[in-house]
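**Q** Mind looking over this structure? Questions follow.
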Amino acid sequence: EYKTAVKAVLDNALKGLETANFEFPLFTKDHRRVEVLLNATPRRDAAGNVVGVVGVGQDITERKKAEGELERVAKDLRALINTANAPIFGIDSNGLVSEWNNKAAEITKYTLTEVVGRNLVDEFITSEYKTAVKAVLDNALKGLETANFEFPLFTKDHRRVEVLLNATPRRDAAGNVVGVVGVGQDITERKKAEGELERVAKDLRALINTANAPIFGIDSNGLVSEWNNKAAEITKYTLTEVVGRNLVDEFITSEYKTAVK
């Protein structure tokens, strides 16, 4: 498969045309394949006529193996990113989307084609979070990582998705920051559950405070931690006056201290 290409390089040299950095495989006597980087130069006689070709080669077999391994790793990494069960995106140094994995597409309903090259903050982050998200991404572009940053992302069908983000600098081979990789977690359901727990706790607090019975609570040291409105009405002690004080020592009469304790 290389005969035609190699012959063309040599024929060009015989016509007086040099070829630099031409790669081709050479097979050895013991049937090994050696990758060669070739510079082909015309060979001239005293009169300047082309009488042959001089080829200066470099054995790049190990380099090609290393390149092949890097290519394989990059391919595996690409597959891992695309199939990860977490939204992963990347932006370049200008804040434009360069990566958008399958999970990000699934959650937002935007495909890679629809988002690539567009400004992440300007086009996909709500107004009240633009400044905060931009600060996180700008920090990453300066080489600073951010972990567990929460923000809302709005989908193509106008749903709000709560995301927990880790933002990491993306570097080139020389170590220069060229972008940001964001690995997210969809915490929408968790945030809903937290909101529901907060609502239940608030309702329970209201129920305790408005109950038509005295309700109090103590911590593990016997210090008052709860004291509802009815308890305050009956005892004339407000919550502020009793909280943090020892219930038995300070509010129970001597003959009942042992029994109550």
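Each chain in the structure tokens gets a letter, A, B, ..., in the order shown, and its residues are numbered from 1; ligands are numbered from 1 in order too.
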Quick one: residues within 12 Å of Phe124 in chain A, only C-alpha atoms, excluding same-chain residues fewer than 5 positions away - as a PDB file with N, CA, C and O atoms, in the first residue's frame?

**A**
```pdb
ATOM      1  N   GLY A  95     -14.788  30.910  26.912  1.00  0.00           N
ATOM      2  CA  GLY A  95     -16.066  30.561  27.524  1.00  0.00           C
ATOM      3  C   GLY A  95     -17.037  29.881  26.576  1.00  0.00           C
ATOM      4  O   GLY A  95     -18.215  29.702  26.907  1.00  0.00           O
ATOM      5  N   LEU A  96     -16.550  29.470  25.402  1.00  0.00           N
ATOM      6  CA  LEU A  96     -17.413  28.819  24.418  1.00  0.00           C
ATOM      7  C   LEU A  96     -17.405  27.310  24.621  1.00  0.00           C
ATOM      8  O   LEU A  96     -16.348  26.705  24.884  1.00  0.00           O
ATOM      9  N   VAL A  97     -18.552  26.695  24.482  1.00  0.00           N
ATOM     10  CA  VAL A  97     -18.686  25.249  24.720  1.00  0.00           C
ATOM     11  C   VAL A  97     -17.872  24.458  23.697  1.00  0.00           C
ATOM     12  O   VAL A  97     -17.995  24.671  22.485  1.00  0.00           O
ATOM     13  N   THR A 108     -30.310  18.315  29.439  1.00  0.00           N
ATOM     14  CA  THR A 108     -30.688  19.652  28.964  1.00  0.00           C
ATOM     15  C   THR A 108     -31.542  19.633  27.704  1.00  0.00           C
ATOM     16  O   THR A 108     -32.154  20.649  27.366  1.00  0.00           O
ATOM     17  N   LYS A 109     -31.534  18.487  27.005  1.00  0.00           N
ATOM     18  CA  LYS A 109     -32.238  18.349  25.709  1.00  0.00           C
ATOM     19  C   LYS A 109     -31.534  19.098  24.578  1.00  0.00           C
ATOM     20  O   LYS A 109     -32.040  19.145  23.456  1.00  0.00           O
ATOM     21  N   TYR A 110     -30.365  19.690  24.867  1.00  0.00           N
ATOM     22  CA  TYR A 110     -29.561  20.311  23.823  1.00  0.00           C
ATOM     23  C   TYR A 110     -28.497  19.300  23.360  1.00  0.00           C
ATOM     24  O   TYR A 110     -27.775  18.741  24.181  1.00  0.00           O
ATOM     25  N   GLU A 114     -25.918  21.594  18.878  1.00  0.00           N
ATOM     26  CA  GLU A 114     -26.665  22.807  19.203  1.00  0.00           C
ATOM     27  C   GLU A 114     -25.905  23.749  20.142  1.00  0.00           C
ATOM     28  O   GLU A 114     -26.149  24.959  20.129  1.00  0.00           O
ATOM     29  N   VAL A 115     -25.006  23.209  20.955  1.00  0.00           N
ATOM     30  CA  VAL A 115     -24.344  24.046  21.962  1.00  0.00           C
ATOM     31  C   VAL A 115     -22.899  24.395  21.646  1.00  0.00           C
ATOM     32  O   VAL A 115     -22.393  25.419  22.113  1.00  0.00           O
ATOM     33  N   VAL A 116     -22.224  23.567  20.862  1.00  0.00           N
ATOM     34  CA  VAL A 116     -20.791  23.785  20.645  1.00  0.00           C
ATOM     35  C   VAL A 116     -20.563  25.145  19.974  1.00  0.00           C
ATOM     36  O   VAL A 116     -21.288  25.553  19.067  1.00  0.00           O
ATOM     37  N   ARG A 118     -21.076  27.989  21.426  1.00  0.00           N
ATOM     38  CA  ARG A 118     -21.920  29.022  22.052  1.00  0.00           C
ATOM     39  C   ARG A 118     -21.409  29.320  23.465  1.00  0.00           C
ATOM     40  O   ARG A 118     -20.800  28.473  24.099  1.00  0.00           O
ATOM     41  N   ASN A 119     -21.674  30.541  23.938  1.00  0.00           N
ATOM     42  CA  ASN A 119     -21.177  30.947  25.247  1.00  0.00           C
ATOM     43  C   ASN A 119     -22.032  30.309  26.342  1.00  0.00           C
ATOM     44  O   ASN A 119     -23.239  30.541  26.415  1.00  0.00           O
ATOM     45  N   TYR A 129     -27.551  33.838  38.317  1.00  0.00           N
ATOM     46  CA  TYR A 129     -26.378  32.996  38.573  1.00  0.00           C
ATOM     47  C   TYR A 129     -25.230  33.250  37.599  1.00  0.00           C
ATOM     48  O   TYR A 129     -24.166  32.649  37.741  1.00  0.00           O
ATOM     49  N   LYS A 130     -25.430  34.126  36.611  1.00  0.00           N
ATOM     50  CA  LYS A 130     -24.391  34.361  35.601  1.00  0.00           C
ATOM     51  C   LYS A 130     -23.065  34.789  36.247  1.00  0.00           C
ATOM     52  O   LYS A 130     -22.007  34.252  35.928  1.00  0.00           O
ATOM     53  N   VAL A 133     -21.431  31.822  38.317  1.00  0.00           N
ATOM     54  CA  VAL A 133     -20.912  30.749  37.459  1.00  0.00           C
ATOM     55  C   VAL A 133     -19.690  31.239  36.676  1.00  0.00           C
ATOM     56  O   VAL A 133     -18.691  30.524  36.541  1.00  0.00           O
ATOM     57  N   LYS A 134     -19.768  32.476  36.180  1.00  0.00           N
ATOM     58  CA  LYS A 134     -18.625  33.026  35.439  1.00  0.00           C
ATOM     59  C   LYS A 134     -17.395  33.108  36.331  1.00  0.00           C
ATOM     60  O   LYS A 134     -16.263  32.839  35.883  1.00  0.00           O
ATOM     61  N   PHE A 151     -25.684  25.302  41.157  1.00  0.00           N
ATOM     62  CA  PHE A 151     -26.341  26.331  40.350  1.00  0.00           C
ATOM     63  C   PHE A 151     -27.423  25.684  39.490  1.00  0.00           C
ATOM     64  O   PHE A 151     -27.388  24.478  39.234  1.00  0.00           O
ATOM     65  N   PRO A 152     -28.396  26.475  39.033  1.00  0.00           N
ATOM     66  CA  PRO A 152     -29.456  25.931  38.180  1.00  0.00           C
ATOM     67  C   PRO A 152     -29.108  26.096  36.702  1.00  0.00           C
ATOM     68  O   PRO A 152     -28.543  27.096  36.283  1.00  0.00           O
ATOM     69  N   LEU A 153     -29.445  25.075  35.932  1.00  0.00           N
ATOM     70  CA  LEU A 153     -29.265  25.092  34.486  1.00  0.00           C
ATOM     71  C   LEU A 153     -30.645  24.940  33.864  1.00  0.00           C
ATOM     72  O   LEU A 153     -31.429  24.097  34.304  1.00  0.00           O
ATOM     73  N   PHE A 154     -30.951  25.771  32.870  1.00  0.00           N
ATOM     74  CA  PHE A 154     -32.265  25.677  32.243  1.00  0.00           C
ATOM     75  C   PHE A 154     -32.181  24.900  30.938  1.00  0.00           C
ATOM     76  O   PHE A 154     -31.289  25.121  30.122  1.00  0.00           O
ATOM     77  N   THR A 155     -33.116  23.976  30.774  1.00  0.00           N
ATOM     78  CA  THR A 155     -33.094  23.063  29.642  1.00  0.00           C
ATOM     79  C   THR A 155     -33.780  23.682  28.427  1.00  0.00           C
ATOM     80  O   THR A 155     -34.402  24.738  28.506  1.00  0.00           O
ATOM     81  N   LYS A 156     -33.659  22.964  27.328  1.00  0.00           N
ATOM     82  CA  LYS A 156     -34.279  23.424  26.083  1.00  0.00           C
ATOM     83  C   LYS A 156     -35.794  23.533  26.214  1.00  0.00           C
ATOM     84  O   LYS A 156     -36.425  24.400  25.603  1.00  0.00           O
ATOM     85  N   HIS A 158     -37.296  24.367  28.923  1.00  0.00           N
ATOM     86  CA  HIS A 158     -37.554  25.347  29.982  1.00  0.00           C
ATOM     87  C   HIS A 158     -37.719  24.742  31.378  1.00  0.00           C
ATOM     88  O   HIS A 158     -38.328  25.348  32.248  1.00  0.00           O
ATOM     89  N   ARG A 159     -37.175  23.564  31.599  1.00  0.00           N
ATOM     90  CA  ARG A 159     -37.149  23.005  32.943  1.00  0.00           C
ATOM     91  C   ARG A 159     -35.906  23.521  33.669  1.00  0.00           C
ATOM     92  O   ARG A 159     -34.905  23.837  33.054  1.00  0.00           O
ATOM     93  N   ARG A 160     -36.001  23.577  34.992  1.00  0.00           N
ATOM     94  CA  ARG A 160     -34.870  23.981  35.820  1.00  0.00           C
ATOM     95  C   ARG A 160     -34.209  22.728  36.382  1.00  0.00           C
ATOM     96  O   ARG A 160     -34.851  21.925  37.048  1.00  0.00           O
ATOM     97  N   VAL A 161     -32.930  22.563  36.100  1.00  0.00           N
ATOM     98  CA  VAL A 161     -32.164  21.415  36.597  1.00  0.00           C
ATOM     99  C   VAL A 161     -31.113  21.937  37.567  1.00  0.00           C
ATOM    100  O   VAL A 161     -30.341  22.840  37.231  1.00  0.00           O
TER     101      VAL A 161
END
```

**Q** Using DSSP on the backbone, list every residue of range 91-162 of chain A that comes out as alpha helix (DSSP H), and give them as JSON, numbers by chain.

**A** {"A": [102, 103, 104, 105, 106, 107, 108, 112, 113, 114, 115, 120, 121, 122, 123, 124, 127, 128, 129, 130, 131, 132, 133, 134, 135, 136, 137, 138, 139, 140, 141]}

**Q** What lies within 8 Å of Ile91 in chain A using only C-alpha atoms, ignoring chain neighbours under 5 positions off, as a list of chain:residue names?

**A**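 So, after excluding close chain neighbours, the residues are A:Leu96, A:Val97, A:Ser98, A:Glu99, A:Leu120, A:Gly179, A:Val180, A:Val181.
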
**Q** Dump N, CA, C and O atoms for the selected residues as a CSV table (one decimal), in the first residue's frame?

**A**
```csv
chain,number,residue,atom,x,y,z
A,96,LEU,N,-16.5,29.5,25.4
A,96,LEU,CA,-17.4,28.8,24.4
A,96,LEU,C,-17.4,27.3,24.6
A,96,LEU,O,-16.3,26.7,24.9
A,97,VAL,N,-18.6,26.7,24.5
A,97,VAL,CA,-18.7,25.2,24.7
A,97,VAL,C,-17.9,24.5,23.7
A,97,VAL,O,-18.0,24.7,22.5
A,98,SER,N,-17.0,23.5,24.2
A,98,SER,CA,-16.2,22.7,23.3
A,98,SER,C,-16.5,21.2,23.6
A,98,SER,O,-16.2,20.4,22.7
A,99,GLU,N,-17.1,20.9,24.7
A,99,GLU,CA,-17.4,19.5,25.1
A,99,GLU,C,-18.8,19.5,25.6
A,99,GLU,O,-19.2,20.4,26.3
A,120,LEU,N,-21.4,29.5,27.2
A,120,LEU,CA,-22.1,28.8,28.2
A,120,LEU,C,-22.9,29.7,29.2
A,120,LEU,O,-24.1,29.5,29.4
A,179,GLY,N,-8.7,25.8,28.8
A,179,GLY,CA,-10.1,25.7,28.9
A,179,GLY,C,-10.5,25.2,30.3
A,179,GLY,O,-9.7,25.1,31.2
A,180,VAL,N,-11.8,24.8,30.4
A,180,VAL,CA,-12.3,24.2,31.7
A,180,VAL,C,-13.1,23.0,31.4
A,180,VAL,O,-13.8,22.9,30.4
A,181,VAL,N,-12.9,22.0,32.2
A,181,VAL,CA,-13.8,20.8,32.2
A,181,VAL,C,-14.7,20.8,33.4
A,181,VAL,O,-14.2,21.0,34.5
```

**Q** Using only C-alpha atoms, find the one residue out of A:Gly222, A:Pro87, A:Gly57, A:Gly48 that sits nearest to Thr19 in chain A.

**A** A:Gly57

**Q** When you look at range 8-14 of chain A with a cut-off of 8 Å (counting only C-alpha atoms), what residues show up, excluding the ones that are within fewer than 5 positions of it in the same chain? I need them as a VMD selection string.

**A** chain A and resid 19 40 to 43 50 to 53

**Q** Can you list, as number ranges by chain, all residues belonging to range 81-173 of chain A that DSSP tags as strand (DSSP E)?

**A** A: 88-92, 97-100, 146-154, 160-171

**Q** Using CA of Glu18 in chain A and CA of Ala5 in chain A as the two end points, give the distance in Å to one decimal.

**A** 14.2 Å
